[in-house]
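Student: Following this message is one structure expressed as structure tokens.
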Amino acid sequence: MIRLEQIKKVVVSGSEDLTILHPLDLEVPEGQFLSIVGPSGSGKSTLLGLIAGLDAPTEGRVLIDGVNLVELGEDELARLRGERIGFVFQFFHLLPSLTALENVLVPMEIFGIANAEKKSRALLDEVGLSERTHHYPSQLSGGEQQRVAIARALANDPPILLADEPTGNLDSSNGKHVIDIILGVHERRGMTIVLATHNMELARMSDVTLALKDGRIDHPETANGTVGAAPDVPAQDAQTPAAGSSGQ
Ligand code: ADP
Ligand code: MG
């Protein structure tokens with residue numbers, strides 16, 4: 001269970017304080033697939049970064065299964081992240097000097113997982129890349145790189161998968177393939193997924209959609225995958241990387 005309590009994020013911009021997330025509460029029960037939609041700059045990446053413990057809130061608590069990330073030291077945070085959270089980025093963030101297999105192996109080696117190579121091969125097989133294990137990222141298409149990134153995010157079998165516009169940099173057929181893989185992962189593994197997207201087709205497949213606007217919840221969560229009014233999010237915007245999006 002992910003629980004955010006009165007999370008607020010303020011950054012200093014020049015001589016001014018800029019509130020990029022206004023106090024908000026959010027609960028994501030175990031096994032839920034939550035999508036976050038909203039215009040570029042609405043705070044989606046900031047929210048995901050807080051859930052991942054990659055960024056600290058100015059105020060409020062971030063609880064992962066009752067553990068408040070805000071109170072953890074760097075080492076404890078890194079361990080919790082490594083064991084419990086997989087992260088997929090818009091721009092893949094693979095290590096260019098490592099093969100697909102080696103990229104998936106890295107998080108396993110950090111935690112001394114047994115049979116790491118066999119498990120990595122199985123993960124690449126799960127994302128349909130068993131023929132690409134020895135390819136370097138530069139030898140793979142964007143869609144294939146994102147599938148390697150998904151396999152890497154699953155390396156330590158975490159209960160939570162966070163994804164920031166995972167199809168935002170892909171053409172529609174590669175985007176569709178990545179969507180199918182994420183949906184399959186959710187179904188087979190019952191993972192909790194929080195995914196930011198401009199792709200309304202993808203948002204509609206989630207259990208619950210949260211719309212953000214200017215760092216606030218734009219309308220309350222809508223159950224059963226029905227997306228309520230989400231102004232400024234064009235339905236056909238599936239392939240266009242958001243201008244100004246950090247890709248984080
Ligand atoms: P989204 O992912 O929805 O596009 P972000 O969470 O990346 O939105 O950003 C929300 C807003 O906060 C944007 O206006 C962005 O420019 C601003 N922002 C994000 N991080 C910082 C930062 N470190 N310093 C200043 N402004 C930031
Ligand atoms: Mg973003």
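Every chain in the structure tokens has a letter given in the order shown (A, B, ...), and although residue numbers restart at 1 in each chain, ligands are simply numbered from 1 in the order shown.
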Distance limit 6 Å, reference ligand 1, atoms considered: only C-alpha atoms and all ligand atoms. Which residues make the cut? Give them as a list of chain:residue names.

Tutor: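 Those within range of ligand 1 are A:Val11, A:Ser13, A:Ile20, A:Ser40, A:Gly41, A:Ser42, A:Gly43, A:Lys44, A:Ser45, A:Thr46, A:Ser245, A:Ser246.
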
Student: Just the selected residues (C-alpha atoms), exported as an mmCIF file, in the first residue's frame, please.

Tutor:
```cif
data_model
loop_
_atom_site.group_PDB
_atom_site.id
_atom_site.type_symbol
_atom_site.label_atom_id
_atom_site.label_comp_id
_atom_site.auth_asym_id
_atom_site.auth_seq_id
_atom_site.Cartn_x
_atom_site.Cartn_y
_atom_site.Cartn_z
ATOM 1 C CA VAL A 11 11.054 24.574 -4.989
ATOM 2 C CA SER A 13 12.946 29.418 -8.392
ATOM 3 C CA ILE A 20 4.724 22.566 -7.637
ATOM 4 C CA SER A 40 2.833 18.908 -19.040
ATOM 5 C CA GLY A 41 4.048 20.706 -15.910
ATOM 6 C CA SER A 42 1.108 19.574 -13.764
ATOM 7 C CA GLY A 43 3.348 17.693 -11.322
ATOM 8 C CA LYS A 44 3.156 14.065 -12.503
ATOM 9 C CA SER A 45 6.914 13.413 -12.475
ATOM 10 C CA THR A 46 7.304 15.228 -9.171
ATOM 11 C CA SER A 245 8.773 17.230 -19.606
ATOM 12 C CA SER A 246 11.806 16.161 -17.681
#
```

Student: As a PyMOL selection string, please: all residues of range 52-204 of chain A that backbone DSSP puts in alpha helix (DSSP H).

Tutor: chain A and resi 74-84+100-110+116-126+142-153+172-189+200-204

Student: In Å, with one decimal, what is the gap from CA of Pro29 in chain A to CA of Gln90 in chain A?

Tutor: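 CA of Pro29 in chain A sits 24.5 Å away from CA of Gln90 in chain A.
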
Student: Pull the strand (DSSP E) assignments for range 3-192 of chain A out of DSSP run on the backbone, and list those residues as a PyMOL selection string.

Tutor: chain A and resi 3-13+16-28+33-37+59-64+67-68+85-88+160-164+192

Student: So that each row is one residue of range 139-227 of chain A with an atom at most 10 Å from range 2-10 of chain A, can you give its shortest atom pair and the distance in Å to one decimal, using only C-alpha atoms, rows by chain and rising number, as a tab-separated table?

Tutor:
```
residue	atom	partner	partner_atom	distance
A:Ile160	CA	A:Ile2	CA	8.9
A:Thr192	CA	A:Ile2	CA	8.7
A:Val194	CA	A:Ile2	CA	9.7
A:Gly215	CA	A:Lys9	CA	8.9
A:Arg216	CA	A:Lys8	CA	10.0
```
